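S.K.: Dumping the structure here so I can ask a few things about it.
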Amino acid sequence: QTQLRGDQVIVVSNREPYIHEQGPEGIVVRRPASGLVTAVEPVMRACSGTWIAHGSGSADREAVDRHDRVAVPPGVEDYQLRRIWLTPEEEQGYYYGFANEGLWPLCHVAHVRPVFRESDWEAYQRVNQRFADAVVAEARSEDPVVLVQDYHFALLPAMIRAQLPQATVLTFWHIPWPNPESFGICPWHKEILQGLLGSTILGFHTRFHCRNFMETVDRSLEARIEAEYSTIRFQDKETLVESYPISIEWPEPATVAAWPSVAQCRQQVIDRLGLPQDLCLAVGVDRFDYTKGILERLNAVERLLEKAPEWIGRFVFVQVAAPTRASLDEYRSFQEHVERVAERINTRFGRPGYRPVHLLAQHHEPDAVNELFRAADIGVVTSLHDGMNLVCKEFVAARDDQQGVLVLSRFAGAAREMTEALIVNPYHVEETADALLRAATMPPAEQRERMVSLRSTVREFNVFRWAARMLADAGRWRLRARVEARV
Ligand code: GDG
């Protein structure tokens, strides 16, 4: 961050880092479940500045109107939150439509067909322009540093550049980038690429996604690709395409010291869910999204109970599935499908006092999530495709007892770093079931060996490292631009 001292930092994301709601006793402030907020908030707290977001969670607009612009986090007030209020039509077209029915399945290749409607595309363009105008209105100089977050804002970088040519625009794409054939399905793929190439730096989680992006540009636009430097020159402007694997904020020793012990957490979870005392507990925590492989996980649990019946009565799988995008048909039918499969497994293998699957389809407070992570014998992440995945990193961060086994999908960006996990192909039920079994019987010494190594990776490559690398690259870029301007 030192390179940017004195520069103004503006973040743009769809989601608000805080939600203000009218409760019976006045306004209450909540922090929503989001990988993005988990990752970017520490940066904003360190740099101060302004965060521009859609007031999506703060549903009761009348009640929270006076929170259009507010200092957050509550009580600490490190930075400003400025809300953009979208109309229901804008939110439908831009967020649910183009971003989540179009770009989300397009980039995840999870065999859900992307939907591209002309009206969604129009809303997406309009909303991106509204955010660009807000950035310009917030800018106190000609060259602020603007951090653009995610696939909701593919057009924003070029729009910002059109009005603030000297701004440094750092765009981070939190989801995968598919191969050129897959991306070419989008009727407006060229416009999206041109929008993103307004960025000074365009970041992905992995080299693989960077390469896919560069190949997509190569096929679609008249641009010069410098593979060696990882840059793209398009219409006389250069963009650095770089990988910045995102991570979590590693918990402070004082925070860890205040956590209830692993034994207490385990007993709490056993009591709350009415689980057997002598059990192997596997845990998953996700937004209730079809890319997270929740169905594949349940199939693997079922297969495990089939092939290793000695675990019936003792193996329990708890899945937290936080509600998400539930107004979309694809999500509703997926969620119903998962509920049916969970029910089927429980009917098949359950008995009085024992249910193998506990599907908790509600948002949980962070302490409750942490308690589950600490209570678990196995952390399960089986995404069908995931830019990074933070849950696996949070799981190991929760385990200062150095026990617990991580089962991790090879299709999560995190699999490239977290090599001491049991890596699985979630589409392969047998393999995933075997990994769960192996985890269930792994000796404590081997668990410790793997966990110690996983923890040191995440501790070192934490979210500050992610941000620092990106901001350091931005700082160098700004310096170069200033030097060149002088020549
Ligand atoms: C996108 C990319 C990338 C979930 N349920 C609850 C809850 N969560 C928290 C988890 C974690 C976060 O939400 C989910 O983060 P992920 O990284 O797993 O996934 P996405 O939301 O899809 O995020 C992803 C990320 O952006 C960052 O770049 O890693 O690949 O898809 O922090 O713990 N938190 C609470 N209650 C819940 O019920 N408190």
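By order of appearance in the structure tokens: chains A, B, ..., then residues from 1 within every chain, and ligands from 1 in the order shown.
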Run DSSP on the backbone and give me the residues of segment 322-410 of chain A it puts in strand (DSSP E or B), as number ranges by chain.

M.R.: A: 322, 351, 354, 357-360, 378-381, 386, 405-409

S.K.: Counting only C-alpha atoms and all ligand atoms, give me one row per residue of chain A with an atom at most 7 Å from an atom of ligand 1, showing the shortest contact pair and its distance in Å to one decimal, sorted by chain then residue number, as JSON lines.

M.R.:
{"residue": "A:Pro32", "atom": "CA", "partner": "ligand 1", "partner_atom_place_in_ligand_line": "39 (N)", "distance": 7.0}
{"residue": "A:Ala33", "atom": "CA", "partner": "ligand 1", "partner_atom_place_in_ligand_line": "34 (N)", "distance": 4.2}
{"residue": "A:Ser34", "atom": "CA", "partner": "ligand 1", "partner_atom_place_in_ligand_line": "13 (O)", "distance": 4.2}
{"residue": "A:Gly35", "atom": "CA", "partner": "ligand 1", "partner_atom_place_in_ligand_line": "15 (O)", "distance": 3.5}
{"residue": "A:Leu36", "atom": "CA", "partner": "ligand 1", "partner_atom_place_in_ligand_line": "27 (C)", "distance": 4.6}
{"residue": "A:Thr38", "atom": "CA", "partner": "ligand 1", "partner_atom_place_in_ligand_line": "32 (O)", "distance": 6.0}
{"residue": "A:Ala39", "atom": "CA", "partner": "ligand 1", "partner_atom_place_in_ligand_line": "27 (C)", "distance": 6.4}
{"residue": "A:His174", "atom": "CA", "partner": "ligand 1", "partner_atom_place_in_ligand_line": "28 (O)", "distance": 4.3}
{"residue": "A:Ile175", "atom": "CA", "partner": "ligand 1", "partner_atom_place_in_ligand_line": "2 (C)", "distance": 5.1}
{"residue": "A:Ile246", "atom": "CA", "partner": "ligand 1", "partner_atom_place_in_ligand_line": "28 (O)", "distance": 5.8}
{"residue": "A:Val285", "atom": "CA", "partner": "ligand 1", "partner_atom_place_in_ligand_line": "5 (N)", "distance": 5.4}
{"residue": "A:Asp286", "atom": "CA", "partner": "ligand 1", "partner_atom_place_in_ligand_line": "4 (C)", "distance": 4.3}
{"residue": "A:Arg287", "atom": "CA", "partner": "ligand 1", "partner_atom_place_in_ligand_line": "4 (C)", "distance": 4.9}
{"residue": "A:Val320", "atom": "CA", "partner": "ligand 1", "partner_atom_place_in_ligand_line": "38 (O)", "distance": 6.1}
{"residue": "A:Ala321", "atom": "CA", "partner": "ligand 1", "partner_atom_place_in_ligand_line": "5 (N)", "distance": 6.2}
{"residue": "A:Ala322", "atom": "CA", "partner": "ligand 1", "partner_atom_place_in_ligand_line": "38 (O)", "distance": 4.4}
{"residue": "A:Gln362", "atom": "CA", "partner": "ligand 1", "partner_atom_place_in_ligand_line": "38 (O)", "distance": 6.2}
{"residue": "A:His363", "atom": "CA", "partner": "ligand 1", "partner_atom_place_in_ligand_line": "38 (O)", "distance": 3.5}
{"residue": "A:His364", "atom": "CA", "partner": "ligand 1", "partner_atom_place_in_ligand_line": "38 (O)", "distance": 3.8}
{"residue": "A:Glu365", "atom": "CA", "partner": "ligand 1", "partner_atom_place_in_ligand_line": "39 (N)", "distance": 4.4}
{"residue": "A:Pro366", "atom": "CA", "partner": "ligand 1", "partner_atom_place_in_ligand_line": "39 (N)", "distance": 3.8}
{"residue": "A:Val369", "atom": "CA", "partner": "ligand 1", "partner_atom_place_in_ligand_line": "39 (N)", "distance": 6.1}
{"residue": "A:Asp386", "atom": "CA", "partner": "ligand 1", "partner_atom_place_in_ligand_line": "30 (O)", "distance": 4.3}
{"residue": "A:Gly387", "atom": "CA", "partner": "ligand 1", "partner_atom_place_in_ligand_line": "30 (O)", "distance": 3.5}
{"residue": "A:Met388", "atom": "CA", "partner": "ligand 1", "partner_atom_place_in_ligand_line": "30 (O)", "distance": 3.8}
{"residue": "A:Asn389", "atom": "CA", "partner": "ligand 1", "partner_atom_place_in_ligand_line": "29 (O)", "distance": 3.5}
{"residue": "A:Leu390", "atom": "CA", "partner": "ligand 1", "partner_atom_place_in_ligand_line": "17 (O)", "distance": 3.8}
{"residue": "A:Val391", "atom": "CA", "partner": "ligand 1", "partner_atom_place_in_ligand_line": "18 (O)", "distance": 4.8}
{"residue": "A:Glu394", "atom": "CA", "partner": "ligand 1", "partner_atom_place_in_ligand_line": "33 (O)", "distance": 6.7}

S.K.: Using only C-alpha atoms, which residue out of A:Ala53, A:Ala435, A:Ala154, A:Ile192 lies closest to Tyr18 of chain A?

M.R.: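 Using only C-alpha atoms, Tyr18 of chain A sits closest to A:Ala53.
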
S.K.: Excluding Ala123 of chain A and its own-chain neighbours fewer than 6 positions away, which residues fall within 10 Å of it when counting only C-alpha atoms? Please give them as a PyMOL selection string.

M.R.: chain A and resi 89-95+97-98+129

S.K.: Just want the 12 Å neighbourhood of Val115 of chain A, counted on only C-alpha atoms, with same-chain residues fewer than 3 positions away dropped. Output as a CSV table (one decimal) with N, CA and C atoms, in the first residue's frame.

M.R.:
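The result, stored in selection21.csv:
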chain,number,residue,atom,x,y,z
A,93,GLY,N,-32.5,-6.9,-14.8
A,93,GLY,CA,-31.8,-7.1,-16.0
A,93,GLY,C,-30.3,-7.2,-15.9
A,96,TYR,N,-29.7,-10.1,-11.9
A,96,TYR,CA,-30.2,-11.4,-12.1
A,96,TYR,C,-30.1,-11.9,-13.5
A,97,GLY,N,-30.4,-11.0,-14.5
A,97,GLY,CA,-30.4,-11.4,-15.9
A,97,GLY,C,-29.0,-11.6,-16.4
A,98,PHE,N,-28.4,-10.5,-16.9
A,98,PHE,CA,-27.1,-10.6,-17.6
A,98,PHE,C,-26.0,-11.2,-16.8
A,99,ALA,N,-25.8,-10.7,-15.5
A,99,ALA,CA,-24.7,-11.2,-14.7
A,99,ALA,C,-24.9,-12.7,-14.3
A,100,ASN,N,-26.1,-13.0,-13.7
A,100,ASN,CA,-26.2,-14.3,-13.1
A,100,ASN,C,-26.9,-15.4,-13.9
A,101,GLU,N,-27.7,-15.0,-15.0
A,101,GLU,CA,-28.2,-16.0,-15.8
A,101,GLU,C,-27.3,-16.1,-17.1
A,102,GLY,N,-26.5,-15.1,-17.3
A,102,GLY,CA,-25.6,-15.1,-18.5
A,102,GLY,C,-24.2,-15.4,-18.2
A,103,LEU,N,-23.5,-14.3,-17.6
A,103,LEU,CA,-22.1,-14.5,-17.4
A,103,LEU,C,-21.7,-15.6,-16.4
A,104,TRP,N,-22.5,-15.7,-15.3
A,104,TRP,CA,-22.1,-16.7,-14.2
A,104,TRP,C,-22.0,-18.1,-14.8
A,105,PRO,N,-23.1,-18.7,-15.5
A,105,PRO,CA,-23.0,-20.0,-16.0
A,105,PRO,C,-22.0,-20.0,-17.2
A,106,LEU,N,-21.9,-18.9,-18.0
A,106,LEU,CA,-21.0,-18.9,-19.1
A,106,LEU,C,-19.5,-19.2,-18.6
A,112,VAL,N,-24.9,-25.5,-17.0
A,112,VAL,CA,-26.2,-24.8,-16.9
A,112,VAL,C,-26.1,-23.8,-18.1
A,118,GLU,N,-31.7,-9.6,-24.8
A,118,GLU,CA,-31.4,-8.2,-25.2
A,118,GLU,C,-31.7,-7.2,-24.1
A,119,SER,N,-32.8,-7.4,-23.4
A,119,SER,CA,-33.2,-6.4,-22.4
A,119,SER,C,-32.3,-6.5,-21.2
A,120,ASP,N,-31.7,-7.7,-20.9
A,120,ASP,CA,-30.8,-7.8,-19.8
A,120,ASP,C,-29.5,-7.0,-20.2
A,121,TRP,N,-29.1,-7.2,-21.4
A,121,TRP,CA,-27.8,-6.6,-21.9
A,121,TRP,C,-28.0,-5.1,-21.8
A,185,ILE,N,-19.9,-17.8,-27.0
A,185,ILE,CA,-21.3,-18.0,-26.9
A,185,ILE,C,-22.0,-16.7,-26.7
A,186,CYS,N,-21.4,-15.9,-25.9
A,186,CYS,CA,-22.0,-14.6,-25.5
A,186,CYS,C,-22.1,-13.7,-26.7
A,187,PRO,N,-23.4,-13.3,-27.0
A,187,PRO,CA,-23.5,-12.5,-28.2
A,187,PRO,C,-22.7,-11.2,-28.2
A,328,LEU,N,-34.2,-16.8,-9.1
A,328,LEU,CA,-34.0,-17.4,-10.4
A,328,LEU,C,-34.4,-18.8,-10.4
A,329,ASP,N,-35.2,-19.2,-11.5
A,329,ASP,CA,-35.7,-20.6,-11.6
A,329,ASP,C,-34.6,-21.6,-11.4
A,330,GLU,N,-33.5,-21.4,-12.1
A,330,GLU,CA,-32.4,-22.4,-12.0
A,330,GLU,C,-32.0,-22.7,-10.6

S.K.: Find the distance between atom CA of Val109 of chain A and atom CA of Val241 of chain A and write it in Å to one decimal.

M.R.: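 Computing the Euclidean distance for atom CA of Val109 of chain A and atom CA of Val241 of chain A yields 21.6 Å.
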
S.K.: Using only C-alpha atoms, find each residue in segment 353-386 of chain A having at least one atom no more than 12 Å away from segment 451-471 of chain A; report its shortest atom-to-atom pair and that distance in Å (one decimal), rows by chain then rising number, as a tab-separated table.

M.R.:
residue	atom	partner	partner_atom	distance
A:Asp377	CA	A:Met451	CA	11.9
A:Ile378	CA	A:Met451	CA	11.5
A:Gly379	CA	A:Met451	CA	11.5

S.K.: Would you please give, as a ChimeraX atom specification, all residues of segment 221-288 of chain A that DSSP assigns to helix (DSSP H, G or I) based on the backbone?

M.R.: /A:253-258,262-273

S.K.: Quick one: everything within 12 Å of Ile225 of chain A, counting only C-alpha atoms, minus sequence neighbours fewer than 2 positions away in the same chain. Send it as a ChimeraX atom specification.

M.R.: /A:197,210-211,213-219,221-223,227-234,237-241

S.K.: How far is it from atom CA of Gly313 of chain A to atom CA of Val283 of chain A, in Å with one decimal?

M.R.: 16.4 Å

S.K.: At a cut-off of 12 Å, using only C-alpha atoms, what residues contact Gln80 of chain A? Leave out same-chain residues fewer than 3 positions from it and give the result as number ranges by chain.

M.R.: A: 9-12, 16-18, 41, 44-45, 47-53, 67-74, 76-77, 83, 138

S.K.: Restricted to N, CA and C atoms, what would the selected residues look like written as a short mmCIF file (atom, residue, chain, number, x, y, z; two decimals), in the first residue's frame?

M.R.:
data_model
loop_
_atom_site.label_atom_id
_atom_site.label_comp_id
_atom_site.auth_asym_id
_atom_site.auth_seq_id
_atom_site.Cartn_x
_atom_site.Cartn_y
_atom_site.Cartn_z
N VAL A 9 -8.37 5.93 -3.32
CA VAL A 9 -8.78 4.58 -3.74
C VAL A 9 -10.31 4.50 -3.71
N ILE A 10 -10.88 4.07 -4.84
CA ILE A 10 -12.32 3.88 -4.93
C ILE A 10 -12.57 2.41 -5.29
N VAL A 11 -13.45 1.74 -4.54
CA VAL A 11 -13.81 0.36 -4.89
C VAL A 11 -15.21 0.36 -5.47
N VAL A 12 -15.41 -0.42 -6.52
CA VAL A 12 -16.76 -0.60 -7.05
C VAL A 12 -17.09 -2.08 -7.00
N GLU A 16 -22.88 -4.72 -1.26
CA GLU A 16 -22.45 -3.80 -0.20
C GLU A 16 -21.67 -4.58 0.85
N PRO A 17 -20.67 -3.96 1.41
CA PRO A 17 -19.97 -4.65 2.50
C PRO A 17 -20.81 -4.68 3.78
N TYR A 18 -21.75 -3.76 3.90
CA TYR A 18 -22.64 -3.74 5.07
C TYR A 18 -24.07 -3.51 4.61
N GLU A 41 -12.57 -6.08 1.99
CA GLU A 41 -12.73 -5.17 3.13
C GLU A 41 -11.42 -4.84 3.85
N MET A 44 -9.72 -2.03 2.08
CA MET A 44 -10.36 -0.73 2.26
C MET A 44 -10.11 -0.17 3.64
N ARG A 45 -10.10 -1.06 4.63
CA ARG A 45 -9.85 -0.58 5.99
C ARG A 45 -8.44 -0.04 6.11
N CYS A 47 -6.67 1.29 3.53
CA CYS A 47 -6.44 2.46 2.64
C CYS A 47 -7.44 3.59 2.86
N SER A 48 -8.51 3.34 3.57
CA SER A 48 -9.68 4.23 3.64
C SER A 48 -10.22 4.47 2.23
N GLY A 49 -10.81 5.62 1.92
CA GLY A 49 -11.36 5.80 0.58
C GLY A 49 -12.85 5.55 0.53
N THR A 50 -13.35 5.26 -0.68
CA THR A 50 -14.80 5.14 -0.88
C THR A 50 -15.14 3.82 -1.54
N TRP A 51 -16.19 3.18 -1.04
CA TRP A 51 -16.69 1.94 -1.64
C TRP A 51 -18.06 2.25 -2.23
N ILE A 52 -18.21 2.04 -3.55
CA ILE A 52 -19.48 2.29 -4.23
C ILE A 52 -20.15 0.94 -4.50
N ALA A 53 -21.40 0.78 -4.07
CA ALA A 53 -22.08 -0.51 -4.24
C ALA A 53 -23.57 -0.31 -4.42
N HIS A 67 -28.72 6.42 4.93
CA HIS A 67 -27.44 5.71 4.85
C HIS A 67 -26.94 5.61 3.41
N ASP A 68 -27.38 6.52 2.57
CA ASP A 68 -26.89 6.60 1.20
C ASP A 68 -25.37 6.68 1.18
N ARG A 69 -24.88 7.45 2.10
CA ARG A 69 -23.44 7.56 2.25
C ARG A 69 -23.16 7.45 3.75
N VAL A 70 -22.33 6.49 4.10
CA VAL A 70 -22.17 6.23 5.52
C VAL A 70 -20.74 5.76 5.78
N ALA A 71 -20.21 6.09 6.94
CA ALA A 71 -18.87 5.63 7.29
C ALA A 71 -18.99 4.24 7.90
N VAL A 72 -18.20 3.31 7.45
CA VAL A 72 -18.22 1.93 7.94
C VAL A 72 -16.78 1.48 8.21
N PRO A 73 -16.55 0.33 8.86
CA PRO A 73 -17.50 -0.51 9.59
C PRO A 73 -18.06 0.23 10.81
N PRO A 74 -19.23 -0.22 11.29
CA PRO A 74 -19.86 0.46 12.41
C PRO A 74 -18.90 0.54 13.60
N VAL A 76 -16.07 1.72 13.82
CA VAL A 76 -14.66 1.90 13.45
C VAL A 76 -14.52 3.01 12.41
N GLU A 77 -15.42 2.95 11.42
CA GLU A 77 -15.55 4.02 10.43
C GLU A 77 -14.25 4.31 9.69
N ARG A 83 -23.96 4.27 -1.65
CA ARG A 83 -24.87 3.33 -2.29
C ARG A 83 -25.47 3.89 -3.57
N GLU A 138 -17.23 10.81 -7.57
CA GLU A 138 -16.45 10.64 -6.33
C GLU A 138 -15.00 11.07 -6.49
#

S.K.: Which one of A:Asp400, A:Gly198, A:Thr168, A:Glu431 sits closest to Leu479 of chain A if you count only C-alpha atoms?

M.R.: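 Comparing A:Asp400, A:Gly198, A:Thr168, A:Glu431 against Leu479 of chain A, the winner is A:Thr168.
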